[in-house]
$ cat structure_20.txt   # compact mmCIF, C-alpha atoms
# COMPACT_ATOMS: atom_id res chain seq x y z
CA MET Z 28 150.27 68.00 61.09
CA GLU Z 29 153.85 67.79 62.38
CA LEU Z 30 154.49 68.52 66.04
CA LEU Z 31 156.52 71.55 64.90
CA ASP Z 32 153.41 73.27 63.62
CA LYS Z 33 151.17 72.41 66.53
CA LYS Z 34 150.41 74.67 69.46
CA ILE Z 35 151.20 73.06 72.78
CA LYS Z 36 150.22 73.79 76.36
CA ARG Z 37 151.42 72.70 79.78
CA ASN Z 38 149.46 69.95 81.54
CA GLN Z 39 147.62 71.89 84.24
CA SER Z 40 147.92 69.04 86.72
CA ILE Z 41 151.72 69.38 86.82
CA ALA Z 42 153.20 71.34 89.73
CA TRP Z 43 156.31 73.33 88.88
CA ARG Z 44 158.61 76.09 89.99
CA THR Z 45 161.68 77.74 88.51
CA ILE Z 46 164.60 77.90 90.93
CA GLU Z 47 167.78 79.70 89.83
CA GLU Z 48 166.80 79.37 86.15
CA GLU Z 49 166.13 75.63 86.47
CA ALA Z 50 162.57 74.38 86.56
CA LEU Z 51 161.47 71.45 88.65
CA LEU Z 52 158.36 69.76 87.32
CA VAL Z 53 156.50 67.42 89.66
CA ASP Z 54 153.74 65.07 88.61
CA PRO Z 55 151.63 64.86 91.80
CA LYS Z 56 150.04 61.58 90.67
CA ASP Z 57 153.24 59.55 90.95
CA GLY Z 58 155.59 62.00 92.69
CA LEU Z 59 158.06 61.88 89.80
CA ILE Z 60 160.31 64.94 89.60
CA TYR Z 61 161.66 66.27 86.28
CA PRO Z 62 164.52 68.78 86.64
CA LEU Z 63 165.08 70.92 83.53
CA ASN Z 64 168.23 72.80 82.51
CA ALA Z 65 168.18 76.48 81.59
CA ALA Z 66 167.21 75.94 77.93
CA GLY Z 67 164.59 73.34 78.86
CA THR Z 68 163.21 75.70 81.46
CA ARG Z 69 162.90 78.52 78.91
CA ILE Z 70 161.07 76.20 76.51
CA TRP Z 71 158.78 75.06 79.34
CA GLU Z 72 157.97 78.68 80.23
CA LEU Z 73 157.18 79.45 76.58
CA ILE Z 74 154.73 76.55 76.33
CA ASP Z 75 151.59 78.51 77.08
CA GLY Z 76 149.09 77.17 74.55
CA THR Z 77 149.38 80.20 72.25
CA LYS Z 78 152.61 79.32 70.37
CA THR Z 79 153.52 76.53 67.99
CA CYS Z 80 156.72 74.55 68.58
CA ARG Z 81 158.23 76.34 65.59
CA GLU Z 82 157.50 79.74 67.14
CA ILE Z 83 159.05 78.60 70.40
CA LEU Z 84 162.20 77.48 68.55
CA VAL Z 85 162.55 80.90 66.94
CA ILE Z 86 162.50 82.56 70.36
CA ILE Z 87 164.99 80.05 71.80
CA HIS Z 88 167.31 80.57 68.80
CA ASP Z 89 167.29 84.31 69.49
CA GLU Z 90 168.01 83.87 73.19
CA PHE Z 91 170.60 81.05 73.19
CA GLU Z 92 173.84 80.75 71.22
CA VAL Z 93 173.16 77.53 69.36
CA GLU Z 94 173.18 76.32 65.73
CA GLU Z 95 169.72 76.24 64.18
CA SER Z 96 170.00 72.63 62.97
CA SER Z 97 171.04 71.20 66.34
CA LEU Z 98 168.55 73.44 68.14
CA GLN Z 99 165.67 72.10 66.07
CA LYS Z 100 166.70 68.47 66.59
CA ASP Z 101 167.33 68.80 70.34
CA ALA Z 102 164.33 71.00 71.07
CA VAL Z 103 161.91 68.85 69.12
CA GLU Z 104 163.23 65.74 70.88
CA PHE Z 105 162.82 67.53 74.20
CA ILE Z 106 159.25 68.62 73.44
CA GLU Z 107 158.40 65.12 72.18
CA GLU Z 108 159.65 63.74 75.50
CA LEU Z 109 157.51 66.24 77.42
CA VAL Z 110 154.51 65.11 75.34
CA SER Z 111 155.28 61.40 75.84
CA LYS Z 112 155.45 61.89 79.62
CA GLY Z 113 152.16 63.79 79.62
CA LEU Z 114 153.78 66.99 80.87
CA VAL Z 115 152.59 69.00 77.87
CA ILE Z 116 149.64 68.50 75.58
CA PRO Z 117 149.26 69.41 71.87
CA VAL Z 118 146.31 71.78 71.54
CA MET C 17 131.85 60.55 126.76
CA ALA C 18 135.15 61.39 125.08
CA HIS C 19 138.48 60.94 126.82
CA ARG C 20 140.83 63.84 126.14
CA ILE C 21 144.50 64.71 125.93
CA LYS C 22 146.37 67.82 124.80
CA ILE C 23 149.46 67.28 122.65
CA LYS C 24 151.85 70.06 121.67
CA LEU C 25 153.49 69.57 118.27
CA VAL C 26 155.62 72.33 116.72
CA ASP C 27 154.16 74.83 119.22
CA ILE C 28 150.64 73.93 118.04
CA VAL C 29 148.35 72.42 120.69
CA PHE C 30 145.93 69.70 119.57
CA GLU C 31 143.26 68.59 122.02
CA VAL C 32 142.40 65.06 120.97
CA GLY C 33 139.09 63.57 122.09
CA CYS C 34 138.18 59.93 121.59
CA ALA C 35 135.56 57.63 123.10
CA GLU C 36 138.16 54.84 123.21
CA LEU C 37 140.34 55.21 126.30
CA ARG C 38 142.97 52.95 124.72
CA GLN C 39 144.13 55.57 122.18
CA ILE C 40 144.38 58.32 124.81
CA THR C 41 146.20 56.07 127.27
CA TRP C 42 148.70 55.15 124.57
CA LEU C 43 149.42 58.82 123.87
CA LYS C 44 149.82 59.62 127.57
CA LYS C 45 152.26 56.77 128.01
CA ASN C 46 154.34 57.20 124.87
CA TYR C 47 154.15 60.94 124.15
CA CYS C 48 154.62 62.21 127.72
CA LEU C 49 157.15 64.81 126.55
CA PHE C 50 154.54 66.29 124.20
CA VAL C 51 151.59 66.33 126.63
CA THR C 52 150.68 69.89 127.64
CA GLN C 53 148.15 71.85 129.67
CA ASP C 54 148.30 74.84 127.28
CA ARG C 55 145.17 76.20 125.63
CA PRO C 56 144.36 74.17 122.48
CA ASP C 57 144.74 75.61 118.98
CA TYR C 58 142.82 72.74 117.34
CA LEU C 59 140.07 70.47 118.70
CA VAL C 60 140.41 66.99 117.25
CA SER C 61 137.52 64.54 117.37
CA LEU C 62 138.60 60.97 116.68
CA GLN C 63 135.82 58.49 115.89
CA LEU C 64 136.51 54.83 115.34
CA ASN C 65 134.16 53.16 112.86
CA LYS C 66 134.08 50.18 110.60
CA ARG C 67 134.74 51.42 107.07
CA LYS C 68 132.65 50.35 104.13
CA GLY C 69 134.16 49.54 100.77
CA PRO C 70 137.70 48.69 99.67
CA LYS C 71 140.74 50.28 101.24
CA ASP C 72 142.39 52.98 99.19
CA LEU C 73 146.10 52.68 99.84
CA ARG C 74 147.02 56.08 98.40
CA TYR C 75 146.54 59.39 100.10
CA SER C 76 144.17 61.62 98.24
CA SER C 77 142.80 65.05 98.94
CA CYS C 78 139.09 65.29 98.29
CA ASN C 79 138.81 69.02 97.77
CA CYS C 80 140.98 72.02 97.12
CA PHE C 81 143.63 72.53 99.77
CA GLN C 82 143.44 76.31 99.41
CA LYS C 83 139.92 76.38 100.87
CA SER C 84 139.35 76.83 104.58
CA LEU C 85 137.89 73.34 104.74
CA SER C 86 140.10 70.49 103.58
CA LYS C 87 139.31 66.81 103.44
CA PHE C 88 141.69 63.92 103.09
CA LYS C 89 141.23 60.21 102.70
CA THR C 90 143.88 57.62 103.60
CA ALA C 91 144.02 53.86 103.86
CA THR C 92 142.85 53.84 107.46
CA PHE C 93 141.18 57.18 108.17
CA ASP C 94 139.32 60.13 106.70
CA LEU C 95 140.33 63.53 108.01
CA LYS C 96 138.51 66.84 107.77
CA VAL C 97 140.15 70.08 108.88
CA ASP C 98 138.19 73.30 109.30
CA PHE C 99 140.96 75.90 109.42
CA CYS C 100 138.54 78.70 110.36
CA LYS C 101 136.86 76.96 113.28
CA LYS C 102 140.11 75.14 114.14
CA LYS C 103 138.26 71.86 114.31
CA VAL C 104 139.42 68.51 113.03
CA SER C 105 137.27 65.42 112.67
CA VAL C 106 138.81 62.03 112.03
CA SER C 107 136.84 58.94 111.13
CA ALA C 108 139.14 55.95 111.41
CA VAL C 109 139.10 52.17 111.34
CA PRO C 110 139.07 50.69 114.89
CA ASP C 111 142.72 49.56 114.76
CA VAL C 112 144.03 52.84 113.35
CA GLY C 113 147.54 53.87 114.40
CA ILE C 114 147.07 57.07 116.39
CA VAL C 115 150.63 58.02 115.40
CA ASP C 116 149.65 57.89 111.71
CA VAL C 117 146.70 60.19 112.38
CA LEU C 118 148.77 62.70 114.35
CA ARG C 119 151.61 62.69 111.81
CA PHE C 120 149.19 63.31 108.95
CA LEU C 121 147.35 66.02 110.89
CA CYS C 122 150.64 67.68 111.80
CA PHE C 123 151.68 67.61 108.14
CA VAL C 124 148.41 69.18 107.00
CA VAL C 125 148.41 71.94 109.61
CA LEU C 126 152.10 72.71 108.98
CA LEU C 127 151.48 72.84 105.24
CA LYS C 128 148.82 75.49 105.81
CA LYS C 129 151.57 77.53 107.53
CA SER C 130 154.01 76.75 104.65
CA GLY C 131 155.88 74.25 106.82
CA PHE C 132 156.37 70.52 106.36
CA LEU C 133 157.58 67.25 107.88
CA LEU C 134 160.90 65.94 106.65
CA HIS C 135 162.50 62.51 106.93
CA ALA C 136 165.43 63.85 108.96
CA SER C 137 167.24 64.01 112.26
CA VAL C 138 167.72 67.34 114.04
CA VAL C 139 170.48 68.21 116.49
CA LEU C 140 170.60 71.37 118.57
CA HIS C 141 174.20 72.63 118.57
CA ARG C 142 175.34 75.96 120.04
CA GLY C 143 171.79 77.34 120.01
CA PHE C 144 171.00 76.43 116.41
CA SER C 145 169.32 73.42 114.83
CA TYR C 146 171.08 71.33 112.19
CA VAL C 147 169.00 69.09 109.93
CA PHE C 148 170.35 65.81 108.52
CA PHE C 149 168.07 64.24 105.94
CA GLY C 150 168.12 61.22 103.71
CA PRO C 151 166.40 57.91 103.06
CA SER C 152 166.41 54.96 105.46
CA GLU C 153 169.92 53.75 106.37
CA SER C 154 171.51 57.06 105.31
CA GLY C 155 172.63 57.69 108.90
CA LYS C 156 170.04 59.89 110.63
CA THR C 157 170.06 57.86 113.86
CA THR C 158 173.84 57.44 113.61
CA ILE C 159 174.28 61.22 113.60
CA ALA C 160 171.99 61.46 116.64
CA ARG C 161 174.15 58.90 118.46
CA LEU C 162 177.36 60.74 117.48
CA SER C 163 175.97 63.96 118.95
CA GLN C 164 176.50 63.28 122.66
CA GLY C 165 176.58 66.54 124.56
CA SER C 166 174.16 68.15 122.13
CA ILE C 167 170.36 67.98 122.28
CA VAL C 168 168.77 65.59 119.79
CA LEU C 169 165.35 66.88 118.71
CA THR C 170 164.54 63.88 116.52
CA ASP C 171 166.28 61.05 114.71
CA GLU C 172 163.50 60.39 112.19
CA THR C 173 161.00 63.19 111.51
CA ALA C 174 161.79 66.90 111.58
CA ALA C 175 159.18 69.63 111.45
CA ILE C 176 160.34 72.68 109.49
CA LEU C 177 158.49 75.96 109.89
CA LYS C 178 159.19 79.62 109.11
CA ARG C 179 158.43 82.00 111.97
CA LYS C 180 158.97 85.75 111.91
CA GLY C 181 161.16 85.49 108.82
CA LYS C 182 163.41 82.70 110.16
CA PHE C 183 163.28 78.97 109.52
CA TYR C 184 163.12 76.70 112.56
CA ALA C 185 163.50 72.94 112.94
CA TYR C 186 161.40 71.30 115.64
CA ALA C 187 161.29 68.08 117.60
CA THR C 188 158.50 65.65 116.80
CA PRO C 189 157.32 62.49 118.58
CA PHE C 190 157.69 60.49 115.34
CA PHE C 191 161.03 59.01 116.30
CA GLY C 192 163.22 56.16 115.08
CA ASP C 193 165.60 53.80 116.92
CA PHE C 194 167.00 56.66 119.03
CA GLY C 195 163.68 56.99 120.87
CA LEU C 196 161.93 60.04 122.23
CA PRO C 197 163.76 63.33 121.69
CA ASP C 198 165.59 65.07 124.52
CA GLU C 199 163.27 68.08 124.50
CA ASN C 200 160.06 69.26 122.80
CA LYS C 201 161.32 72.48 121.24
CA GLY C 202 162.57 74.12 118.08
CA ALA C 203 165.53 76.31 117.20
CA PRO C 204 166.63 78.54 114.31
CA LEU C 205 167.93 76.46 111.44
CA LYS C 206 171.63 76.89 110.68
CA ALA C 207 172.27 74.33 107.93
CA ILE C 208 170.78 71.34 106.15
CA PHE C 209 172.73 68.23 105.17
CA LEU C 210 171.83 65.45 102.74
CA ILE C 211 173.76 62.62 104.40
CA SER C 212 175.45 59.38 103.37
CA LYS C 213 177.70 57.12 105.44
CA ASP C 214 181.26 56.87 104.16
CA ARG C 215 184.84 56.15 105.31
CA LEU C 216 185.88 59.82 105.15
CA PHE C 217 184.37 63.21 105.81
CA THR C 218 183.64 65.13 102.59
CA HIS C 219 181.02 67.63 101.59
CA ARG C 220 179.85 69.89 98.79
CA ARG C 221 177.36 72.73 98.65
CA LEU C 222 174.16 71.70 96.89
CA LYS C 223 172.77 73.88 94.12
CA GLN C 224 169.42 75.29 95.17
CA ALA C 225 167.41 73.35 92.58
CA ASP C 226 169.20 70.10 93.54
CA ALA C 227 168.52 70.77 97.22
CA VAL C 228 164.80 71.31 96.54
CA LYS C 229 164.65 68.10 94.51
CA GLU C 230 166.35 66.06 97.24
CA LEU C 231 164.24 67.60 100.01
CA LEU C 232 161.07 66.90 98.03
CA HIS C 233 162.06 63.23 97.82
CA ASN C 234 162.27 63.14 101.62
CA ILE C 235 159.09 64.98 102.55
CA LEU C 236 156.82 62.75 104.57
CA VAL C 237 153.26 62.13 103.48
CA ASN C 238 152.46 61.85 99.80
CA ILE C 239 149.30 63.63 98.72
CA PRO C 240 148.76 63.64 94.94
CA ASP C 241 147.44 67.17 94.73
CA ARG C 242 148.90 69.93 92.54
CA ALA C 243 148.07 72.74 94.98
CA ILE C 244 149.82 70.91 97.82
CA VAL C 245 152.92 70.14 95.75
CA ASN C 246 153.06 73.76 94.58
CA THR C 247 152.82 74.91 98.20
CA LEU C 248 155.71 72.62 99.07
CA LEU C 249 157.79 73.86 96.12
CA VAL C 250 157.32 77.48 97.24
CA SER C 251 158.30 76.62 100.84
CA LEU C 252 161.33 74.59 99.75
CA ALA C 253 162.53 77.31 97.38
CA ASP C 254 162.29 79.83 100.23
CA LEU C 255 164.04 77.47 102.66
CA THR C 256 166.94 76.65 100.32
CA HIS C 257 167.35 80.33 99.44
CA ASN C 258 167.78 81.22 103.11
CA VAL C 259 169.50 78.19 104.65
CA PRO C 260 172.65 76.60 103.18
CA CYS C 261 172.26 72.99 102.01
CA TYR C 262 175.13 70.55 101.70
CA GLN C 263 175.72 66.97 100.68
CA LEU C 264 177.68 65.40 103.54
CA TYR C 265 179.54 62.11 103.42
CA PHE C 266 180.51 61.20 106.97
CA LYS C 267 182.42 58.53 108.83
CA GLN C 268 181.05 57.27 112.12
CA ASP C 269 183.28 59.32 114.35
CA GLU C 270 182.59 61.90 117.06
CA ALA C 271 184.81 64.31 115.11
CA ILE C 272 181.76 64.94 112.96
CA TRP C 273 180.86 68.10 114.86
CA ARG C 274 184.38 69.53 114.44
CA TYR C 275 183.98 68.84 110.71
CA ILE C 276 180.55 70.50 110.60
CA ASP C 277 181.79 73.51 112.57
CA GLY C 278 184.55 73.79 109.97
CA ILE C 279 181.99 73.83 107.13
CA ILE C 280 179.75 76.42 108.74
CA GLY C 281 182.66 78.55 109.98
$ encode --input "structure_20.txt" --output "structure tokens"
Amino acid sequence: MELLDKKIKRNQSIAWRTIEEEALLVDPKDGLIYPLNAAGTRIWELIDGTKTCREILVIIHDEFEVEESSLQKDAVEFIEELVSKGLVIPV
Amino acid sequence: MAHRIKIKLVDIVFEVGCAELRQITWLKKNYCLFVTQDRPDYLVSLQLNKRKGPKDLRYSSCNCFQKSLSKFKTATFDLKVDFCKKKVSVSAVPDVGIVDVLRFLCFVVLLKKSGFLLHASVVLHRGFSYVFFGPSESGKTTIARLSQGSIVLTDETAAILKRKGKFYAYATPFFGDFGLPDENKGAPLKAIFLISKDRLFTHRRLKQADAVKELLHNILVNIPDRAIVNTLLVSLADLTHNVPCYQLYFKQDEAIWRYIDGIIG
């Protein structure tokens, strides 16, 4: 199954907080800090284990003024990066 | 029989008891400004033992920080804090640095009050404290030296704590090349500066998220625990919402305080 059709959830060991619409994710194991921009923050907040990536993209498309093709490419790349860094986990 | 000394850090009194006179004598000699006769808030029992097994070089919390009882393990000591009974027990290797124990204990107790220790210098200027933070060589001690006529509360480790709705910066005995602070006190926090040495004075206001990120990089004591990091994030978000944070490039000139006064207005 493609990542797009998988449900994903946040790694519960990651500390995070949204500050002025920008989330800071902190991996306590190594102290690495991942600042997210507004769109990344909204995606992060939507990753709750109940939605597929595709469902998240639909919500983002409604909320942000962005072309669907570039949104899908950028958002999937972003989510893939979150997965590769262990910040989110496919369910 | 335990030898005892009472040390006041950030208005919190720790009565430290240890069978080894050497550790207590060292504190009396080097932390004289922080020795107090006030009633203790925490009783600290320091036991020196040989440790079995390999040294773990990373700090790790052994149980949930949110509970009234918290345990920590470091490379040279294990520390248990009972926040209800206000008792602390420390089991340490015989050659433990008493400063390391006190710094860690101070960090843990401050964290419980949503405060923290920051790699920073603090200068008291016109009744307010100004915090200058950054990594080694960024200029913390230089700022302290350029602040003649003002009271230097620390050139290395600031304690930040919110009291009655206001943030304060406090002196600590964990000093750098500047030596012991001028006074053991705290003052309301006016501004925070991320500093770098330069040939000119320039500054810019830091976005709140950037300020939190930079402050987090300079928090002392690394404990890989999600609850602790979340506690810090909440405290830092509150701090940066209430106190202005700037990036300051400064030249080594006594005009620095005229420049800072110009920023703050």
$ residues_around --input "structure_20.txt" --residues "stretch 47-63 of chain Z" --least-positions-apart "3" --cutoff "12 Å" --atoms "all atoms listed in the file" --output "ChimeraX atom specification"
/Z:37-44,66-72,105-106,108-109,112-115 /C:74-77,223-250,252-254,256-257
$ atom_distance --input "structure_20.txt" --atom1 "atom CA of Z:Asn64" --atom2 "atom CA of Z:Val93"
14.8 Å
$ atom_distance --input "structure_20.txt" --atom1 "atom CA of C:Gly155" --atom2 "atom CA of C:Leu169"
15.3 Å
$ residues_near_point --input "structure_20.txt" --point "(185.1, 60.0, 112.9)" --cutoff "12 Å" --atoms "only C-alpha atoms" --output "VMD selection string"
chain C and resid 158 to 159 162 to 163 213 to 218 265 to 276
$ axis_aligned_box --input "structure_20.txt" --around "stretch 65-81 of chain Z" --padding-each-side "5 Å" --output "JSON"
{"center_x": 158.6, "center_y": 76.8, "center_z": 73.6, "size_x": 29.1, "size_y": 16.9, "size_z": 26.0}
$ atom_distance --input "structure_20.txt" --atom1 "atom CA of C:Thr188" --atom2 "atom CA of C:His219"
27.2 Å
$ closest_residue --input "structure_20.txt" --among "C:Asp94, C:Gly165, C:Val125, C:Tyr47" --to "C:Pro197" --atoms "only C-alpha atoms"
C:Tyr47
$ closest_residue --input "structure_20.txt" --among "C:Leu140, C:Leu62, C:Val147, C:Ala187" --to "C:Ser166" --atoms "only C-alpha atoms"
C:Leu140
$ residues_around --input "structure_20.txt" --residues "C:Phe30" --least-positions-apart "4" --cutoff "12 Å" --atoms "only C-alpha atoms" --output "ChimeraX atom specification"
/C:20-26,50-62,102-105,117-119,121-122,125
$ write_last_selection --input "structure_20.txt" --atoms "C-alpha atoms" --output "short mmCIF file (atom, residue, chain, number, x, y, z; two decimals), in the frame of the given file"
data_model
loop_
_atom_site.label_atom_id
_atom_site.label_comp_id
_atom_site.auth_asym_id
_atom_site.auth_seq_id
_atom_site.Cartn_x
_atom_site.Cartn_y
_atom_site.Cartn_z
CA ARG C 20 140.83 63.84 126.14
CA ILE C 21 144.50 64.71 125.93
CA LYS C 22 146.37 67.82 124.80
CA ILE C 23 149.46 67.28 122.65
CA LYS C 24 151.85 70.06 121.67
CA LEU C 25 153.49 69.57 118.27
CA VAL C 26 155.62 72.33 116.72
CA PHE C 50 154.54 66.29 124.20
CA VAL C 51 151.59 66.33 126.63
CA THR C 52 150.68 69.89 127.64
CA GLN C 53 148.15 71.85 129.67
CA ASP C 54 148.30 74.84 127.28
CA ARG C 55 145.17 76.20 125.63
CA PRO C 56 144.36 74.17 122.48
CA ASP C 57 144.74 75.61 118.98
CA TYR C 58 142.82 72.74 117.34
CA LEU C 59 140.07 70.47 118.70
CA VAL C 60 140.41 66.99 117.25
CA SER C 61 137.52 64.54 117.37
CA LEU C 62 138.60 60.97 116.68
CA LYS C 102 140.11 75.14 114.14
CA LYS C 103 138.26 71.86 114.31
CA VAL C 104 139.42 68.51 113.03
CA SER C 105 137.27 65.42 112.67
CA VAL C 117 146.70 60.19 112.38
CA LEU C 118 148.77 62.70 114.35
CA ARG C 119 151.61 62.69 111.81
CA LEU C 121 147.35 66.02 110.89
CA CYS C 122 150.64 67.68 111.80
CA VAL C 125 148.41 71.94 109.61
#
$ residues_near_point --input "structure_20.txt" --point "(161.9, 55.3, 122.2)" --cutoff "12 Å" --atoms "all atoms listed in the file" --output "ChimeraX atom specification"
/C:45-49,157,170-172,189-198
$ closest_residue --input "structure_20.txt" --among "C:Gly181, C:Ser137, C:Val112, C:Arg142" --to "C:Ile208" --atoms "all atoms listed in the file"
C:Ser137
$ residues_around --input "structure_20.txt" --residues "C:Pro204" --least-positions-apart "4" --cutoff "8 Å" --atoms "only C-alpha atoms" --output "MDAnalysis selection string"
chainID C and resid 143:145 182:185
$ residues_around --input "structure_20.txt" --residues "C:Gly113" --least-positions-apart "3" --cutoff "10 Å" --atoms "only C-alpha atoms" --output "list in words"
Gln39, Thr92, Phe93, Ala108, Val109, Pro110, Asp116, Val117 and Leu118 of chain C
$ build_atoms --input "structure_20.txt" --residues "stretch 94-102 of chain Z" --atoms "all heavy atoms" --output "mmCIF file, in the frame of the given file"
data_model
loop_
_atom_site.group_PDB
_atom_site.id
_atom_site.type_symbol
_atom_site.label_atom_id
_atom_site.label_comp_id
_atom_site.auth_asym_id
_atom_site.auth_seq_id
_atom_site.Cartn_x
_atom_site.Cartn_y
_atom_site.Cartn_z
ATOM 1 N N GLU Z 94 173.433 76.456 67.176
ATOM 2 C CA GLU Z 94 173.180 76.320 65.730
ATOM 3 C C GLU Z 94 171.730 75.925 65.510
ATOM 4 O O GLU Z 94 171.164 75.122 66.254
ATOM 5 C CB GLU Z 94 174.089 75.235 65.146
ATOM 6 C CG GLU Z 94 175.511 75.702 64.925
ATOM 7 C CD GLU Z 94 176.356 74.616 64.269
ATOM 8 O OE1 GLU Z 94 175.785 73.809 63.503
ATOM 9 O OE2 GLU Z 94 177.550 74.573 64.554
ATOM 10 N N GLU Z 95 171.155 76.455 64.428
ATOM 11 C CA GLU Z 95 169.720 76.240 64.180
ATOM 12 C C GLU Z 95 169.408 74.758 63.987
ATOM 13 O O GLU Z 95 168.387 74.259 64.482
ATOM 14 C CB GLU Z 95 169.293 77.041 62.954
ATOM 15 C CG GLU Z 95 167.782 77.080 62.812
ATOM 16 C CD GLU Z 95 167.311 78.145 61.825
ATOM 17 O OE1 GLU Z 95 168.137 78.969 61.410
ATOM 18 O OE2 GLU Z 95 166.120 78.124 61.492
ATOM 19 N N SER Z 96 170.308 74.035 63.256
ATOM 20 C CA SER Z 96 170.000 72.630 62.970
ATOM 21 C C SER Z 96 169.994 71.789 64.251
ATOM 22 O O SER Z 96 169.087 70.981 64.467
ATOM 23 C CB SER Z 96 171.027 72.058 61.983
ATOM 24 O OG SER Z 96 172.329 72.207 62.523
ATOM 25 N N SER Z 97 171.000 72.000 65.111
ATOM 26 C CA SER Z 97 171.040 71.200 66.340
ATOM 27 C C SER Z 97 169.955 71.637 67.303
ATOM 28 O O SER Z 97 169.386 70.829 68.037
ATOM 29 C CB SER Z 97 172.423 71.289 66.997
ATOM 30 O OG SER Z 97 172.657 72.597 67.458
ATOM 31 N N LEU Z 98 169.625 72.948 67.275
ATOM 32 C CA LEU Z 98 168.550 73.440 68.140
ATOM 33 C C LEU Z 98 167.241 72.737 67.792
ATOM 34 O O LEU Z 98 166.531 72.243 68.670
ATOM 35 C CB LEU Z 98 168.392 74.951 67.981
ATOM 36 C CG LEU Z 98 167.112 75.529 68.591
ATOM 37 C CD1 LEU Z 98 167.177 75.473 70.114
ATOM 38 C CD2 LEU Z 98 166.856 76.954 68.138
ATOM 39 N N GLN Z 99 166.955 72.691 66.481
ATOM 40 C CA GLN Z 99 165.670 72.100 66.070
ATOM 41 C C GLN Z 99 165.589 70.634 66.486
ATOM 42 O O GLN Z 99 164.589 70.193 67.052
ATOM 43 C CB GLN Z 99 165.493 72.240 64.562
ATOM 44 C CG GLN Z 99 164.178 71.625 64.097
ATOM 45 C CD GLN Z 99 163.698 72.228 62.791
ATOM 46 O OE1 GLN Z 99 163.929 73.404 62.504
ATOM 47 N NE2 GLN Z 99 163.027 71.412 61.994
ATOM 48 N N LYS Z 100 166.704 69.904 66.244
ATOM 49 C CA LYS Z 100 166.700 68.470 66.590
ATOM 50 C C LYS Z 100 166.527 68.275 68.105
ATOM 51 O O LYS Z 100 165.650 67.534 68.551
ATOM 52 C CB LYS Z 100 168.017 67.842 66.137
ATOM 53 C CG LYS Z 100 168.172 66.377 66.426
ATOM 54 C CD LYS Z 100 169.480 65.851 65.834
ATOM 55 C CE LYS Z 100 169.753 64.419 66.248
ATOM 56 N NZ LYS Z 100 170.014 64.269 67.679
ATOM 57 N N ASP Z 101 167.355 68.989 68.873
ATOM 58 C CA ASP Z 101 167.330 68.800 70.340
ATOM 59 C C ASP Z 101 166.017 69.274 70.951
ATOM 60 O O ASP Z 101 165.442 68.616 71.820
ATOM 61 C CB ASP Z 101 168.488 69.578 70.998
ATOM 62 C CG ASP Z 101 169.836 68.987 70.633
ATOM 63 O OD1 ASP Z 101 169.861 67.863 70.085
ATOM 64 O OD2 ASP Z 101 170.859 69.648 70.878
ATOM 65 N N ALA Z 102 165.551 70.425 70.482
ATOM 66 C CA ALA Z 102 164.330 71.000 71.070
ATOM 67 C C ALA Z 102 163.117 70.149 70.737
ATOM 68 O O ALA Z 102 162.251 69.933 71.595
ATOM 69 C CB ALA Z 102 164.145 72.434 70.607
#
